[in-house]
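This report refers to the structure that appears directly beneath it.
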Amino acid sequence: MGTYKSMETTLRRESTFFAILLCFSLPLVLLIILPLTKMVTSPSLGSLVDTIKDREVIRAIFLSLYASAFAALISFVFGTPLAYVLARKNFRGKKLVEGLIDLPIMIPHPVIGIAILSLATKGQWIGEVLSAVGLQIMGTTTGIITVLTFVGMPFYVNTAKAGFESIPVRLEKVSRSLGAGPFSTFIRITFPLAWRNMILGMIMCIARAISEFGAVVIVAYFPMTAPVLIYERFTAYGLKYSQPVSVWLILVSLVLFVCMRLFARKTYDF
């Protein structure tokens, strides 16, 4: 009987403790929920319908999705080898490399745009090479994709790296002991086991890229991505015309991310 009362007291104290933690967390949760709820519910249904019929809005949202997805694809192609090397090898300067990868997360966004433009101008060798092959950074979709790759790649690399680190090294050693080479082991063993983390990394890359404004507005104000269009309509017309575009961007992004997460879960279960 005494033991039962002791367990009951312990459970009651634990419930009280978590209730207190929840109360302290509530202001932070409300800080996220209240502004988003107000913004989503403020535009009328008619204004939302009129907004999504606007070709400029459709082009801006499509460009944001397209450029973000392209940035995630670039991160996947070039970031996967880097993530694997960082997960499996210790070498001199590794911490420096990891710090450089995380640097775009901390750099102020306008600085990123200025840095990319300063490197890609015609006076610089990279700018000359790009110009020779017919590529231009300023005021182009290429420039937007470059910026979004810059800001999104750290999220992909870190997520993929965590996936590789979670795979026991002994599985790769067993594969190698059976005669498989390093590349074959990576393709047949490591890559399939880390696939879910790669999908999640691409989702995080897209999520970060689709919200980018500060660097994009410096590199390419036109063609306008959705965040730039929202800013332009806010400065020109105020909340009434900027809120519906924001709501549609939130809804489209939400649908995209839910679909990708469901795909990632099915891939993992398979």
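Ordered as shown in the structure tokens, chains take letters A, B, and onward, while each chain numbers its residues from 1 and ligands are numbered from 1 in the order shown.
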
Please identify all polymer residues within 12 Å of region 159-174 of chain A, counting only C-alpha atoms, omitting same-chain residues fewer than 5 positions from it, and present them as a PyMOL selection string. chain A and resi 75-89+98+101-102+152-154+179-205

Proximity check region 70-174 of chain A to region 54-63 of chain A, 12 Å, nearest pairs one decimal Å, only C-alpha atoms, as CSV:
residue,atom,partner,partner_atom,distance
A:Phe70,CA,A:Leu63,CA,10.3
A:Ala71,CA,A:Leu63,CA,11.9
A:Thr140,CA,A:Leu63,CA,11.2
A:Thr141,CA,A:Leu63,CA,8.2
A:Thr142,CA,A:Leu63,CA,11.2
A:Ile144,CA,A:Leu63,CA,9.3
A:Ile145,CA,A:Leu63,CA,9.8
A:Leu148,CA,A:Leu63,CA,11.7

Using only C-alpha atoms, the shortest atom-to-atom distance to Ala67 (chain A) among A:Leu100, A:Ile52, A:Ala209, A:Met39 belongs to A:Ala209

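Near region 230-235 of chain A, within 10 Å and counting only C-alpha atoms, sit A:Val57, A:Ala60, A:Phe213, A:Val217, A:Tyr221, A:Met224, A:Thr225, A:Ala226, A:Pro227, A:Val228, A:Tyr237, A:Gly238, A:Leu239, A:Lys240, A:Tyr241, A:Ser242, A:Gln243, A:Pro244, A:Val245, A:Ser246, A:Leu249, not including residues fewer than 2 positions from it in the same chain.
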
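Going from CA of Ile137 (chain A) over to CA of Thr51 (chain A), you cover 29.7 Å.
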
Give me the residues near Gly139 (chain A) as a count of residues only, where near means some atom within 8 Å (using only C-alpha atoms) and where sequence neighbours in that chain fewer than 4 positions away do not count. 6

I want to know what sits within 8 Å of region 114-124 of chain A, based on only C-alpha atoms, with residues of the same chain fewer than 4 positions away left out; could you give that as a ChimeraX atom specification? /A:110,128,130-131,137-138,147,215,218-219

Resulting file, chosen residues, N, CA and C atoms, as a PDB file, in the first residue's frame:
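Output contents, as saved in again.pdb:
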ATOM      1  N   PRO A 110      21.952  40.286 -46.370  1.00  0.00           N
ATOM      2  CA  PRO A 110      22.445  41.200 -47.413  1.00  0.00           C
ATOM      3  C   PRO A 110      23.928  41.031 -47.706  1.00  0.00           C
ATOM      4  N   GLU A 128      34.335  36.629 -65.246  1.00  0.00           N
ATOM      5  CA  GLU A 128      34.739  36.526 -66.642  1.00  0.00           C
ATOM      6  C   GLU A 128      34.433  35.141 -67.212  1.00  0.00           C
ATOM      7  N   LEU A 130      32.086  33.048 -66.114  1.00  0.00           N
ATOM      8  CA  LEU A 130      30.633  32.937 -66.244  1.00  0.00           C
ATOM      9  C   LEU A 130      30.131  33.678 -67.475  1.00  0.00           C
ATOM     10  N   SER A 131      30.693  34.862 -67.693  1.00  0.00           N
ATOM     11  CA  SER A 131      30.289  35.644 -68.855  1.00  0.00           C
ATOM     12  C   SER A 131      30.669  34.938 -70.151  1.00  0.00           C
ATOM     13  N   ILE A 137      24.868  36.458 -63.176  1.00  0.00           N
ATOM     14  CA  ILE A 137      24.359  36.294 -61.826  1.00  0.00           C
ATOM     15  C   ILE A 137      23.339  37.374 -61.473  1.00  0.00           C
ATOM     16  N   MET A 138      23.691  38.619 -61.724  1.00  0.00           N
ATOM     17  CA  MET A 138      22.833  39.720 -61.292  1.00  0.00           C
ATOM     18  C   MET A 138      21.567  39.795 -62.153  1.00  0.00           C
ATOM     19  N   VAL A 147      22.213  32.054 -54.868  1.00  0.00           N
ATOM     20  CA  VAL A 147      21.984  32.555 -53.510  1.00  0.00           C
ATOM     21  C   VAL A 147      21.295  31.500 -52.651  1.00  0.00           C
ATOM     22  N   ALA A 215      19.330  38.377 -49.290  1.00  0.00           N
ATOM     23  CA  ALA A 215      20.367  38.168 -50.300  1.00  0.00           C
ATOM     24  C   ALA A 215      19.786  38.203 -51.705  1.00  0.00           C
ATOM     25  N   ILE A 218      19.166  41.701 -53.286  1.00  0.00           N
ATOM     26  CA  ILE A 218      20.369  42.387 -53.734  1.00  0.00           C
ATOM     27  C   ILE A 218      20.863  41.804 -55.056  1.00  0.00           C
ATOM     28  N   VAL A 219      20.847  40.488 -55.161  1.00  0.00           N
ATOM     29  CA  VAL A 219      21.364  39.840 -56.364  1.00  0.00           C
ATOM     30  C   VAL A 219      20.380  39.950 -57.522  1.00  0.00           C
TER      31      VAL A 219
END

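Closest approach to Leu254 (chain A) among A:Ile206, A:Leu178, A:Leu26, A:Ile105 is made by A:Ile206 (distances from only C-alpha atoms).
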
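Minimum atom-to-atom distances from A:Leu45, A:Trp248, A:Phe18, A:Phe155 to Leu103 (chain A) were compared using only C-alpha atoms, and the lowest value belongs to A:Phe155.
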
Could you tell me, as a PyMOL selection string, which residues of region 35-148 of chain A DSSP assigns to helix (DSSP H, G or I) when given the backbone? chain A and resi 35-41+45-52+55-88+94-106+109-120+125-132+141-148
